[in-house]
$ cat target.txt   # compact mmCIF, C-alpha atoms
# COMPACT_ATOMS: atom_id res chain seq x y z
CA MET T 74 -0.12 14.60 65.85
CA GLN T 75 0.13 17.86 67.79
CA LYS T 76 3.19 19.00 69.72
CA LEU T 77 2.52 20.35 73.21
CA ASN T 78 4.71 22.73 75.19
CA PHE T 79 4.62 22.56 78.98
CA GLU T 80 4.58 25.68 81.12
CA GLU T 81 5.60 26.05 84.76
CA GLN T 82 2.76 27.01 87.12
CA LEU T 83 2.82 28.70 90.51
CA ASP T 84 2.33 25.35 92.27
CA CYS T 85 5.49 24.02 90.56
CA LYS T 86 3.40 21.76 88.32
CA LYS T 87 3.66 21.79 84.55
CA PHE T 88 0.64 22.43 82.37
CA SER T 89 -0.15 22.06 78.69
CA CYS T 90 -3.35 21.92 76.70
CA ALA T 91 -4.57 20.96 73.24
CA LYS T 92 -7.66 22.86 72.15
CA ALA T 93 -8.23 21.67 68.59
CA LEU T 94 -9.39 18.21 67.57
CA TYR T 95 -10.63 17.52 64.07
CA ILE T 96 -12.81 14.55 63.12
CA SER T 97 -13.78 14.35 59.47
CA ASP T 98 -17.38 13.85 58.37
CA SER T 99 -16.43 10.55 56.77
CA ASP T 100 -15.16 9.15 60.07
CA LYS T 101 -18.11 7.27 61.54
CA ARG T 102 -16.53 6.16 64.80
CA LYS T 103 -18.57 6.81 67.93
CA HIS T 104 -15.68 6.74 70.41
CA PHE T 105 -11.95 7.40 70.37
CA ARG T 106 -8.98 7.72 72.73
CA LEU T 107 -6.30 10.35 73.03
CA ALA T 108 -2.69 9.16 73.20
CA LEU T 109 -0.12 11.38 74.90
CA LYS T 110 3.51 10.54 74.22
CA LEU T 111 5.94 12.09 76.73
CA PHE T 112 9.70 12.65 76.46
CA PHE T 113 12.42 13.85 78.78
CA SER T 114 14.18 17.09 77.81
CA ASN T 115 17.05 15.03 76.36
CA GLY T 116 14.68 13.34 73.90
CA GLN T 117 14.41 10.03 75.74
CA GLU T 118 10.90 8.63 75.57
CA ILE T 119 9.01 8.27 78.85
CA GLY T 120 6.05 6.43 77.40
CA THR T 121 2.57 6.70 75.91
CA PHE T 122 -0.41 7.50 78.12
CA HIS T 123 -3.99 6.89 76.98
CA SER T 124 -7.21 8.68 77.87
CA LYS T 125 -10.46 6.92 78.60
CA LEU T 126 -12.93 6.41 75.76
CA ILE T 127 -14.31 9.75 74.56
CA LYS T 128 -17.77 9.83 73.00
CA VAL T 129 -18.15 11.75 69.75
CA ILE T 130 -21.04 14.25 69.90
CA SER T 131 -21.41 16.18 66.68
CA LYS T 132 -23.93 18.67 68.05
CA PRO T 133 -26.28 18.99 71.01
CA SER T 134 -29.57 17.14 70.77
CA GLN T 135 -32.50 19.41 69.97
CA LYS T 136 -35.07 16.80 70.92
CA LYS T 137 -36.80 16.74 74.27
CA GLN T 138 -34.77 14.39 76.42
CA SER T 139 -36.27 11.37 78.16
CA LEU T 140 -34.90 8.51 80.24
CA LYS T 141 -35.71 6.05 77.46
CA ASN T 142 -32.41 7.06 75.86
CA THR T 143 -29.87 7.85 78.55
CA ASP T 144 -26.70 7.87 76.42
CA LEU T 145 -26.36 11.64 76.68
CA CYS T 146 -28.06 12.20 80.05
CA ILE T 147 -25.99 13.26 83.05
CA LEU T 148 -25.98 11.15 86.21
CA SER T 149 -25.80 12.56 89.70
CA GLY T 150 -22.23 12.19 90.92
CA SER T 151 -20.70 12.37 87.45
CA LYS T 152 -17.98 14.83 86.43
CA VAL T 153 -18.80 17.78 84.21
CA SER T 154 -17.17 20.89 82.84
CA LEU T 155 -18.86 24.23 82.17
CA PHE T 156 -17.93 26.83 79.58
CA ASN T 157 -19.37 30.11 78.37
CA ARG T 158 -19.09 31.40 74.83
CA LEU T 159 -20.14 35.00 74.27
CA ARG T 160 -22.03 35.59 71.03
CA SER T 161 -21.13 32.00 70.01
CA GLN T 162 -17.57 33.09 69.22
CA THR T 163 -14.90 30.45 69.82
CA VAL T 164 -12.27 33.06 70.76
CA SER T 165 -14.46 34.25 73.64
CA THR T 166 -14.73 30.84 75.31
CA ARG T 167 -14.25 30.90 79.08
CA TYR T 168 -14.19 27.82 81.31
CA LEU T 169 -15.34 27.64 84.92
CA PHE T 170 -12.14 27.12 86.89
CA VAL T 171 -10.83 27.24 90.47
CA GLU T 172 -7.69 29.19 91.28
CA ASP T 173 -6.39 30.50 94.61
CA ASP T 174 -9.43 29.06 96.40
CA ALA T 175 -11.81 31.06 94.23
CA PHE T 176 -14.02 30.36 91.23
CA THR T 177 -12.78 32.08 88.11
CA ALA T 178 -13.35 32.12 84.35
CA SER T 179 -10.29 30.90 82.48
CA ALA T 180 -9.59 31.10 78.77
CA ARG T 181 -6.92 28.36 78.97
CA GLN T 182 -7.78 25.84 81.68
CA TRP T 183 -10.95 24.02 82.59
CA ALA T 184 -11.82 22.30 85.84
CA ALA T 185 -13.79 19.11 86.37
CA PHE T 186 -16.69 19.40 88.81
CA THR T 187 -18.70 16.66 90.43
CA LEU T 188 -22.39 17.41 89.91
CA HIS T 189 -24.59 16.07 92.71
CA LEU T 190 -28.30 16.20 93.33
CA ASP T 191 -28.38 18.23 96.54
CA GLU T 192 -31.41 16.40 97.97
CA PHE T 193 -29.19 13.33 98.37
CA CYS T 194 -26.76 15.25 100.57
CA SER T 195 -26.35 14.17 104.17
CA GLN T 196 -26.95 17.39 106.09
CA SER T 197 -24.90 16.23 109.06
CA GLN T 198 -21.88 14.99 107.13
CA GLY T 199 -22.10 16.99 103.89
CA GLU T 200 -21.63 13.75 101.99
CA PHE T 201 -23.35 12.58 98.82
CA PRO T 202 -24.27 8.88 98.75
CA LEU T 203 -23.82 6.97 95.51
CA ARG T 204 -27.24 6.72 93.91
CA GLU T 205 -28.11 6.27 90.26
CA ALA T 206 -30.32 9.24 89.48
CA TYR T 207 -30.24 11.54 86.48
CA ILE T 208 -30.00 15.30 86.79
CA ARG T 209 -33.19 17.05 85.72
CA TYR T 210 -33.84 20.71 85.09
CA GLY T 211 -35.35 22.35 88.14
CA SER T 212 -33.30 20.14 90.49
CA ARG T 213 -31.24 21.53 93.34
CA VAL T 214 -27.60 20.59 92.68
CA ARG T 215 -24.09 21.09 94.02
CA LEU T 216 -20.95 21.73 91.97
CA ILE T 217 -17.76 20.56 93.69
CA CYS T 218 -14.28 20.97 92.21
CA THR T 219 -12.65 17.54 91.94
CA THR T 220 -9.16 18.97 92.54
CA THR T 221 -9.63 21.42 95.40
CA GLY T 222 -12.94 20.29 96.92
CA LEU T 223 -14.22 23.87 96.71
CA ALA T 224 -17.99 23.96 96.24
CA LEU T 225 -20.53 26.53 95.12
CA PRO T 226 -23.65 27.13 97.23
CA PRO T 227 -26.75 25.06 96.38
CA LEU T 228 -27.94 25.87 92.86
CA ILE T 229 -31.06 25.23 90.77
CA ILE T 230 -30.15 24.07 87.27
CA ARG T 231 -32.34 25.64 84.58
CA LYS T 232 -32.68 25.07 80.86
CA VAL T 233 -31.82 28.01 78.58
CA ALA T 234 -33.08 28.76 75.08
CA LYS T 235 -31.98 31.99 73.38
CA GLN T 236 -31.12 33.63 76.72
CA LEU T 237 -34.51 32.73 78.15
CA VAL T 238 -34.57 30.68 81.35
CA MET T 239 -37.32 28.06 81.13
CA LEU T 240 -38.68 27.65 84.66
CA ASP T 241 -41.27 24.97 83.84
CA VAL T 242 -38.93 22.42 82.21
CA ASP T 243 -38.04 19.27 84.17
CA GLU T 244 -36.58 17.01 81.47
CA PRO T 245 -33.18 15.31 81.98
CA VAL T 246 -30.07 17.44 81.46
CA SER T 247 -28.15 16.37 78.35
CA GLN T 248 -24.60 16.78 77.06
CA LEU T 249 -23.82 20.13 75.40
CA HIS T 250 -27.09 21.64 76.58
CA LYS T 251 -27.13 25.32 77.43
CA CYS T 252 -28.15 25.83 81.02
CA ALA T 253 -28.14 28.37 83.82
CA PHE T 254 -27.50 27.99 87.55
CA GLN T 255 -29.79 29.91 89.86
CA PHE T 256 -28.62 30.38 93.46
CA HIS T 257 -31.07 28.45 95.62
CA GLY T 258 -33.33 30.72 97.68
CA SER T 259 -32.23 33.89 95.85
CA ASP T 260 -34.32 36.44 93.98
CA ARG T 261 -33.51 35.39 90.38
CA MET T 262 -29.73 35.50 90.99
CA TYR T 263 -27.67 33.38 88.54
CA LEU T 264 -24.07 32.22 88.20
CA CYS T 265 -22.40 34.60 85.76
CA LEU T 266 -18.95 35.57 84.52
CA SER T 267 -17.48 39.02 84.11
CA THR T 268 -14.17 38.86 82.22
CA GLU T 269 -12.24 36.49 84.54
CA LYS T 270 -14.45 36.89 87.59
CA VAL T 271 -17.45 34.75 88.54
CA ILE T 272 -20.29 36.89 89.87
CA GLN T 273 -24.04 36.80 90.45
CA TYR T 274 -26.43 38.24 87.88
CA GLN T 275 -30.09 39.05 88.50
CA ALA T 276 -32.43 37.90 85.73
CA SER T 277 -35.42 39.95 84.64
CA PRO T 278 -38.99 38.62 84.46
CA CYS T 279 -40.16 37.97 80.92
CA PRO T 280 -43.03 40.36 80.14
CA LYS T 281 -44.65 37.92 77.70
CA GLU T 282 -44.37 34.57 79.50
CA ILE T 283 -44.71 34.01 83.22
CA ASN T 284 -42.50 30.88 83.24
CA ARG T 285 -39.57 32.60 81.57
CA GLU T 286 -36.78 34.89 82.77
CA LEU T 287 -34.38 37.02 80.74
CA LEU T 288 -30.63 36.39 81.12
CA ASN T 289 -27.51 37.95 79.68
CA ASP T 290 -25.11 35.93 77.54
CA SER T 291 -22.57 35.62 80.36
CA SER T 292 -25.00 33.63 82.50
CA CYS T 293 -25.58 30.89 79.92
CA TRP T 294 -23.31 27.88 80.36
CA THR T 295 -22.73 24.84 78.18
CA ILE T 296 -22.44 21.60 80.17
CA ILE T 297 -20.34 18.63 79.05
CA GLY T 298 -19.28 15.41 80.76
CA THR T 299 -15.57 15.02 81.49
CA GLU T 300 -13.16 12.28 82.48
CA ALA T 301 -9.80 12.53 84.21
CA VAL T 302 -7.06 9.91 84.08
CA GLU T 303 -4.18 9.92 86.55
CA TYR T 304 -1.02 7.86 86.17
CA SER T 305 1.51 7.36 88.94
CA PHE T 306 4.79 5.47 88.85
CA SER T 307 8.21 5.46 90.45
CA LEU T 308 11.50 5.01 88.65
CA ASN T 309 15.11 6.10 88.37
CA PRO T 310 15.39 8.14 85.13
CA THR T 311 19.04 7.16 84.67
CA SER T 312 18.19 3.46 84.58
CA ILE T 313 15.30 3.49 82.10
CA GLN T 314 15.92 1.10 79.24
CA ASN T 315 12.36 0.95 77.89
CA PRO T 316 9.45 3.44 77.98
CA ILE T 317 7.42 3.11 81.17
CA GLY T 318 4.11 3.54 79.31
CA PRO T 319 1.50 2.42 78.61
CA VAL T 320 1.04 2.36 82.37
CA PRO T 321 -0.83 -0.76 83.57
CA LEU T 322 -4.18 -0.04 85.19
CA ILE T 323 -5.96 -2.32 87.67
CA THR T 324 -9.75 -2.19 87.39
CA THR T 325 -11.11 -5.18 89.35
CA LEU T 326 -9.96 -7.94 91.72
CA GLU T 327 -11.30 -11.48 92.13
CA LEU T 328 -10.36 -13.71 95.03
CA THR T 329 -10.71 -17.50 94.86
CA GLY T 330 -9.85 -20.30 97.25
CA GLY T 331 -8.67 -19.85 100.82
CA GLY T 332 -6.20 -21.06 103.41
CA ASP T 333 -2.72 -21.57 102.03
CA VAL T 334 -3.88 -21.59 98.39
CA ALA T 335 -5.82 -18.33 98.09
CA MET T 336 -5.51 -16.94 94.53
CA LEU T 337 -6.09 -13.37 93.43
CA GLU T 338 -6.90 -12.44 89.84
CA VAL T 339 -6.02 -8.88 88.91
CA GLN T 340 -7.93 -7.54 85.92
CA GLY T 341 -7.16 -4.38 84.00
CA ASN T 342 -5.23 -3.18 80.96
CA TYR T 343 -1.68 -3.02 79.59
CA PHE T 344 -0.27 -5.97 81.57
CA HIS T 345 2.97 -7.66 80.46
CA ALA T 346 4.62 -11.01 81.06
CA ASN T 347 7.53 -9.27 82.83
CA MET T 348 5.29 -7.82 85.56
CA LYS T 349 4.87 -9.07 89.11
CA ILE T 350 2.19 -8.33 91.69
CA TRP T 351 3.45 -7.08 95.04
CA PHE T 352 1.53 -6.93 98.31
CA GLY T 353 3.26 -3.95 99.89
CA ASP T 354 6.95 -4.93 99.97
CA VAL T 355 6.25 -8.65 99.48
CA GLU T 356 6.43 -10.16 95.99
CA ALA T 357 3.66 -12.60 95.08
CA GLU T 358 4.08 -15.58 92.78
CA THR T 359 2.54 -14.20 89.60
CA MET T 360 1.21 -15.88 86.44
CA TYR T 361 0.62 -13.88 83.26
CA ARG T 362 -2.60 -14.78 81.40
CA ASN T 363 -2.94 -11.96 78.90
CA SER T 364 -2.70 -8.17 78.65
CA LYS T 365 -5.85 -7.85 80.77
CA SER T 366 -5.32 -10.50 83.44
CA LEU T 367 -2.69 -11.48 86.01
CA VAL T 368 -3.11 -14.21 88.64
CA CYS T 369 -1.09 -14.52 91.82
CA VAL T 370 -0.85 -16.57 95.00
CA VAL T 371 -1.82 -14.49 98.03
CA PRO T 372 1.25 -14.27 100.33
CA ASP T 373 0.95 -15.73 103.80
CA ILE T 374 0.23 -13.28 106.63
CA SER T 375 3.57 -14.21 108.22
CA ALA T 376 5.39 -12.49 105.33
CA PHE T 377 4.26 -9.10 106.65
CA ARG T 378 4.39 -9.44 110.41
CA PRO T 379 6.76 -11.79 112.22
CA ASP T 380 4.52 -11.38 115.27
CA TRP T 381 1.40 -12.48 113.39
CA ARG T 382 0.76 -15.09 116.07
CA TRP T 383 -0.38 -12.37 118.48
CA LEU T 384 -2.20 -10.02 116.09
CA ARG T 385 -5.95 -9.67 116.64
CA TYR T 386 -6.71 -6.88 114.14
CA PRO T 387 -6.84 -6.62 110.32
CA ILE T 388 -3.73 -5.83 108.28
CA THR T 389 -4.01 -3.82 105.05
CA VAL T 390 -1.29 -3.64 102.40
CA PRO T 391 -1.24 -1.77 99.06
CA LEU T 392 -1.27 -3.64 95.77
CA LEU T 393 1.52 -2.69 93.37
CA LEU T 394 2.79 -3.82 89.98
CA LEU T 395 6.54 -4.04 89.39
CA ARG T 396 8.23 -4.48 86.05
CA ASN T 397 11.42 -6.53 86.07
CA ASP T 398 13.49 -3.63 84.67
CA GLY T 399 12.64 -1.27 87.53
CA PRO T 400 9.43 0.78 87.14
CA ILE T 401 6.94 0.54 90.03
CA TYR T 402 3.25 1.17 89.33
CA SER T 403 0.93 1.99 92.23
CA SER T 404 -2.82 1.37 92.22
CA ILE T 405 -5.95 2.49 94.05
CA PHE T 406 -6.43 -1.02 95.46
CA SER T 407 -5.34 -2.59 98.72
CA PHE T 408 -5.61 -6.05 100.27
CA THR T 409 -6.76 -6.68 103.83
CA TYR T 410 -6.05 -9.75 105.94
CA THR T 411 -8.85 -10.12 108.50
CA PRO T 412 -8.97 -12.65 111.37
CA GLU T 413 -12.23 -14.41 112.15
CA GLN T 414 -14.67 -12.37 114.23
CA GLY T 415 -15.41 -15.35 116.43
CA PHE T 416 -11.87 -15.52 117.81
CA LEU T 417 -11.32 -12.14 119.44
CA CYS T 418 -8.91 -10.86 122.02
CA GLY T 419 -10.24 -11.39 125.52
CA GLN T 420 -12.02 -14.68 124.85
CA PRO T 421 -11.02 -17.48 127.24
CA LEU T 422 -8.67 -20.03 125.75
CA LEU T 423 -9.51 -23.68 125.98
CA PRO T 424 -7.32 -25.50 128.55
CA GLU T 425 -6.14 -28.03 126.02
CA MET T 426 -5.11 -25.21 123.67
CA VAL T 427 -3.12 -23.51 126.42
CA GLN T 428 -1.32 -26.74 127.14
CA ASP T 429 -0.54 -27.25 123.48
CA SER T 430 1.05 -24.02 122.23
CA ASP T 431 1.61 -25.45 118.75
CA THR T 432 -2.12 -26.10 118.41
CA LEU T 433 -2.87 -22.55 119.56
CA LEU T 434 -0.46 -21.00 117.08
CA ASN T 435 -1.79 -23.13 114.26
CA THR T 436 -5.37 -22.10 115.11
CA ILE T 437 -4.47 -18.41 115.03
CA HIS T 438 -2.61 -18.89 111.77
CA GLN T 439 -5.61 -20.58 110.18
CA GLU T 440 -7.83 -17.67 111.21
CA PHE T 441 -5.68 -15.35 109.11
CA THR T 442 -5.41 -17.71 106.16
CA LYS T 443 -9.02 -18.83 105.82
CA THR T 444 -11.27 -17.24 103.23
CA ASN T 445 -11.73 -14.14 105.38
CA TYR T 446 -9.85 -11.86 103.00
CA HIS T 447 -11.44 -8.57 102.05
CA LEU T 448 -10.71 -6.23 99.15
CA PHE T 449 -10.95 -2.49 99.56
CA MET T 450 -10.40 0.51 97.30
CA GLN T 451 -8.30 3.13 99.02
CA SER T 452 -10.01 6.50 99.29
$ encode --input "target.txt" --output "structure tokens"
Amino acid sequence: MQKLNFEEQLDCKKFSCAKALYISDSDKRKHFRLALKLFFSNGQEIGTFHSKLIKVISKPSQKKQSLKNTDLCILSGSKVSLFNRLRSQTVSTRYLFVEDDAFTASARQWAAFTLHLDEFCSQSQGEFPLREAYIRYGSRVRLICTTTGLALPPLIIRKVAKQLVMLDVDEPVSQLHKCAFQFHGSDRMYLCLSTEKVIQYQASPCPKEINRELLNDSSCWTIIGTEAVEYSFSLNPTSIQNPIGPVPLITTLELTGGGDVAMLEVQGNYFHANMKIWFGDVEAETMYRNSKSLVCVVPDISAFRPDWRWLRYPITVPLLLLRNDGPIYSSIFSFTYTPEQGFLCGQPLLPEMVQDSDTLLNTIHQEFTKTNYHLFMQS
């Protein structure tokens, strides 16, 4: 167990890092999790927060990579981190980072970047569609900071061996490989660091091999996949009786039934019997199955809008988890009530329906409570 000390940053956030992790040779596990236990300054425990599964990689693969074994290959759209280590010395490690809207080289903090194949970019929107494709050397890519959205210009990712750029290699990029990033359309200009600055460095042609270029040590980057976990909750610190962690996480939703008996199964991790599912500010009747599954009855549309009888557009509410002793846990999921497309505003009403207002209201109500529910992840 390692004690971490938090430091105040300029953006009023607190930061801490753990740089050393030891796994003995006798430990044969292939994955592990980190557990972060937080306390208030008075010693009261906040809770324990877990990372995602982390894959153990003892050393970079020296074999030529192929798509027959994709465990270590890097997908387009995945998150990566880049670091540079001069003369293979640990003390000289610098991470690619973004600070004050500029790319920098930091000895303390690393940034996660989304690595996209640039040929999948929509030129009009600047968006990258989700597509399962692996990054290969020689591909044009984009590096986008996941926190700030700041992006580098289009780059060509190249394989590096002993400070030699290998221009004729097109194998898949693998974890912990050494690589270089050539600015697309430039004359051998590469992404490079100089102390804490990120600059461009011009490689030299290799006099012995035409498909090789000579780089300096500061232009050789090690690439590694990263994961980020965010937890959000709301509570009154003076009323905490029990730790608020582990924080429950919702991963998937499954809707069954329809009408007045629509059921929603919420799947995830770290659920408890004393938790309830809330649709916005409306509590749902909740049944606890196990630590990975909760089931609830979908509240009627009338619980959200007293004037539901006249609504002709969808209504979206956030999904929350509330513990009976106070903590509120938000999620990335929402629930949308959608009326039938066939019954839209402006369509003529049948005479018999106009004469019978109760029939009309019941028809509208059924439109909202049929199986036309849709689940969306909030962006």
$ closest_residue --input "target.txt" --among "T:Ser403, T:Ser364, T:Ser375, T:Thr359" --to "Met336 (chain T)" --atoms "all atoms listed in the file"
T:Thr359
$ atom_distance --input "target.txt" --atom1 "CA of Val390 (chain T)" --atom2 "CA of Tyr304 (chain T)"
19.9 Å
$ residues_around --input "target.txt" --residues "Leu393 (chain T)" --least-positions-apart "2" --cutoff "7 Å" --atoms "all atoms listed in the file" --output "JSON, numbers by chain"
{"T": [350, 351, 352, 353, 391, 395, 402, 403, 404]}
$ write_last_selection --input "target.txt" --atoms "C-alpha atoms" --output "mmCIF file, keeping the file's coordinate frame"
data_model
loop_
_atom_site.group_PDB
_atom_site.id
_atom_site.type_symbol
_atom_site.label_atom_id
_atom_site.label_comp_id
_atom_site.auth_asym_id
_atom_site.auth_seq_id
_atom_site.Cartn_x
_atom_site.Cartn_y
_atom_site.Cartn_z
ATOM 1 C CA ILE T 350 2.190 -8.330 91.690
ATOM 2 C CA TRP T 351 3.450 -7.080 95.040
ATOM 3 C CA PHE T 352 1.530 -6.930 98.310
ATOM 4 C CA GLY T 353 3.260 -3.950 99.890
ATOM 5 C CA PRO T 391 -1.240 -1.770 99.060
ATOM 6 C CA LEU T 395 6.540 -4.040 89.390
ATOM 7 C CA TYR T 402 3.250 1.170 89.330
ATOM 8 C CA SER T 403 0.930 1.990 92.230
ATOM 9 C CA SER T 404 -2.820 1.370 92.220
#
$ residues_around --input "target.txt" --residues "region 243-258 of chain T" --least-positions-apart "5" --cutoff "7 Å" --atoms "all atoms listed in the file" --output "PyMOL selection string"
chain T and resi 133+138-139+145-147+207-211+227-233+263-264+292-298
$ atom_distance --input "target.txt" --atom1 "CA of Lys128 (chain T)" --atom2 "CA of His104 (chain T)"
4.5 Å
$ atom_distance --input "target.txt" --atom1 "CA of Asp354 (chain T)" --atom2 "CA of Val339 (chain T)"
17.5 Å
$ closest_atom_pairs --input "target.txt" --of "region 234-320 of chain T" --to "region 172-178 of chain T" --cutoff "8 Å" --atoms "only C-alpha atoms" --output "CSV"
residue,atom,partner,partner_atom,distance
T:Leu266,CA,T:Ala178,CA,6.6
T:Thr268,CA,T:Ala178,CA,7.1
T:Glu269,CA,T:Ala178,CA,4.5
T:Lys270,CA,T:Thr177,CA,5.1
T:Val271,CA,T:Thr177,CA,5.4
$ residues_around --input "target.txt" --residues "Phe105 (chain T)" --least-positions-apart "3" --cutoff "10 Å" --atoms "all atoms listed in the file" --output "PDB file with C-alpha atoms, in the coordinates of the input"
ATOM      1  CA  ARG T 102     -16.530   6.160  64.800  1.00  0.00           C
ATOM      2  CA  ALA T 108      -2.690   9.160  73.200  1.00  0.00           C
ATOM      3  CA  SER T 124      -7.210   8.680  77.870  1.00  0.00           C
ATOM      4  CA  LYS T 125     -10.460   6.920  78.600  1.00  0.00           C
ATOM      5  CA  LEU T 126     -12.930   6.410  75.760  1.00  0.00           C
ATOM      6  CA  ILE T 127     -14.310   9.750  74.560  1.00  0.00           C
ATOM      7  CA  LYS T 128     -17.770   9.830  73.000  1.00  0.00           C
ATOM      8  CA  VAL T 129     -18.150  11.750  69.750  1.00  0.00           C
TER       9      VAL T 129
END
$ residues_around --input "target.txt" --residues "region 275-277 of chain T" --least-positions-apart "5" --cutoff "12 Å" --atoms "only C-alpha atoms" --output "MDAnalysis selection string"
chainID T and resid 236:239 253:256 259:265 282:293
$ residues_around --input "target.txt" --residues "region 109-113 of chain T" --least-positions-apart "6" --cutoff "7 Å" --atoms "all atoms listed in the file" --output "ChimeraX atom specification"
/T:119-123
$ write_last_selection --input "target.txt" --atoms "C-alpha atoms" --output "PDB file, in the frame of the given file"
ATOM      1  CA  ILE T 119       9.010   8.270  78.850  1.00  0.00           C
ATOM      2  CA  GLY T 120       6.050   6.430  77.400  1.00  0.00           C
ATOM      3  CA  THR T 121       2.570   6.700  75.910  1.00  0.00           C
ATOM      4  CA  PHE T 122      -0.410   7.500  78.120  1.00  0.00           C
ATOM      5  CA  HIS T 123      -3.990   6.890  76.980  1.00  0.00           C
TER       6      HIS T 123
END
$ closest_residue --input "target.txt" --among "T:Thr324, T:Ser212, T:Ser154, T:Asn347" --to "Phe406 (chain T)" --atoms "only C-alpha atoms"
T:Thr324
$ closest_residue --input "target.txt" --among "T:Pro316, T:Glu358, T:Lys349, T:Phe79" --to "Gln117 (chain T)" --atoms "all atoms listed in the file"
T:Pro316
$ closest_residue --input "target.txt" --among "T:Ser305, T:Ser179, T:Thr220, T:Asn363" --to "Lys152 (chain T)" --atoms "all atoms listed in the file"
T:Thr220
$ closest_residue --input "target.txt" --among "T:Thr411, T:Pro400, T:Ser366, T:Lys101" --to "Tyr386 (chain T)" --atoms "all atoms listed in the file"
T:Thr411
$ closest_residue --input "target.txt" --among "T:Tyr168, T:Tyr410, T:Trp183, T:Phe306" --to "Ala335 (chain T)" --atoms "only C-alpha atoms"
T:Tyr410
$ axis_aligned_box --input "target.txt" --around "region 91-103 of chain T" --padding-each-side "8 Å" --output "JSON"
{"center_x": -11.6, "center_y": 14.5, "center_z": 65.0, "size_x": 30.0, "size_y": 32.7, "size_z": 32.5}
$ decode --input "target.txt" --residues "region 374-411 of chain T" --atoms "C-alpha atoms" --output "PDB file, in the first residue's frame"
ATOM      1  CA  ILE T 374     -44.953   9.319 -18.240  1.00  0.00           C
ATOM      2  CA  SER T 375     -47.477  11.221 -16.109  1.00  0.00           C
ATOM      3  CA  ALA T 376     -44.981  11.201 -13.206  1.00  0.00           C
ATOM      4  CA  PHE T 377     -42.792  13.681 -15.089  1.00  0.00           C
ATOM      5  CA  ARG T 378     -45.224  15.978 -16.846  1.00  0.00           C
ATOM      6  CA  PRO T 379     -48.711  16.720 -15.548  1.00  0.00           C
ATOM      7  CA  ASP T 380     -49.529  17.985 -19.041  1.00  0.00           C
ATOM      8  CA  TRP T 381     -48.481  14.722 -20.704  1.00  0.00           C
ATOM      9  CA  ARG T 382     -51.862  14.563 -22.416  1.00  0.00           C
ATOM     10  CA  TRP T 383     -50.811  17.334 -24.809  1.00  0.00           C
ATOM     11  CA  LEU T 384     -47.132  16.462 -25.336  1.00  0.00           C
ATOM     12  CA  ARG T 385     -46.172  15.418 -28.865  1.00  0.00           C
ATOM     13  CA  TYR T 386     -42.377  15.196 -28.465  1.00  0.00           C
ATOM     14  CA  PRO T 387     -39.971  12.808 -26.665  1.00  0.00           C
ATOM     15  CA  ILE T 388     -39.035  13.323 -23.016  1.00  0.00           C
ATOM     16  CA  THR T 389     -35.561  12.351 -21.781  1.00  0.00           C
ATOM     17  CA  VAL T 390     -34.641  11.921 -18.113  1.00  0.00           C
ATOM     18  CA  PRO T 391     -31.300  10.927 -16.523  1.00  0.00           C
ATOM     19  CA  LEU T 392     -30.878   7.607 -14.758  1.00  0.00           C
ATOM     20  CA  LEU T 393     -29.525   7.846 -11.206  1.00  0.00           C
ATOM     21  CA  LEU T 394     -28.820   5.484  -8.332  1.00  0.00           C
ATOM     22  CA  LEU T 395     -29.661   6.593  -4.788  1.00  0.00           C
ATOM     23  CA  ARG T 396     -28.559   4.875  -1.622  1.00  0.00           C
ATOM     24  CA  ASN T 397     -31.019   4.994   1.265  1.00  0.00           C
ATOM     25  CA  ASP T 398     -28.525   6.780   3.541  1.00  0.00           C
ATOM     26  CA  GLY T 399     -28.080   9.745   1.206  1.00  0.00           C
ATOM     27  CA  PRO T 400     -25.408   9.378  -1.517  1.00  0.00           C
ATOM     28  CA  ILE T 401     -26.563  10.031  -5.097  1.00  0.00           C
ATOM     29  CA  TYR T 402     -24.694   8.370  -7.963  1.00  0.00           C
ATOM     30  CA  SER T 403     -25.074   9.768 -11.476  1.00  0.00           C
ATOM     31  CA  SER T 404     -24.552   7.746 -14.657  1.00  0.00           C
ATOM     32  CA  ILE T 405     -23.883   8.283 -18.359  1.00  0.00           C
ATOM     33  CA  PHE T 406     -27.284   6.802 -19.227  1.00  0.00           C
ATOM     34  CA  SER T 407     -30.648   8.426 -19.816  1.00  0.00           C
ATOM     35  CA  PHE T 408     -34.149   7.160 -20.583  1.00  0.00           C
ATOM     36  CA  THR T 409     -36.357   8.587 -23.321  1.00  0.00           C
ATOM     37  CA  TYR T 410     -40.131   8.352 -23.558  1.00  0.00           C
ATOM     38  CA  THR T 411     -41.133   8.578 -27.229  1.00  0.00           C
TER      39      THR T 411
END
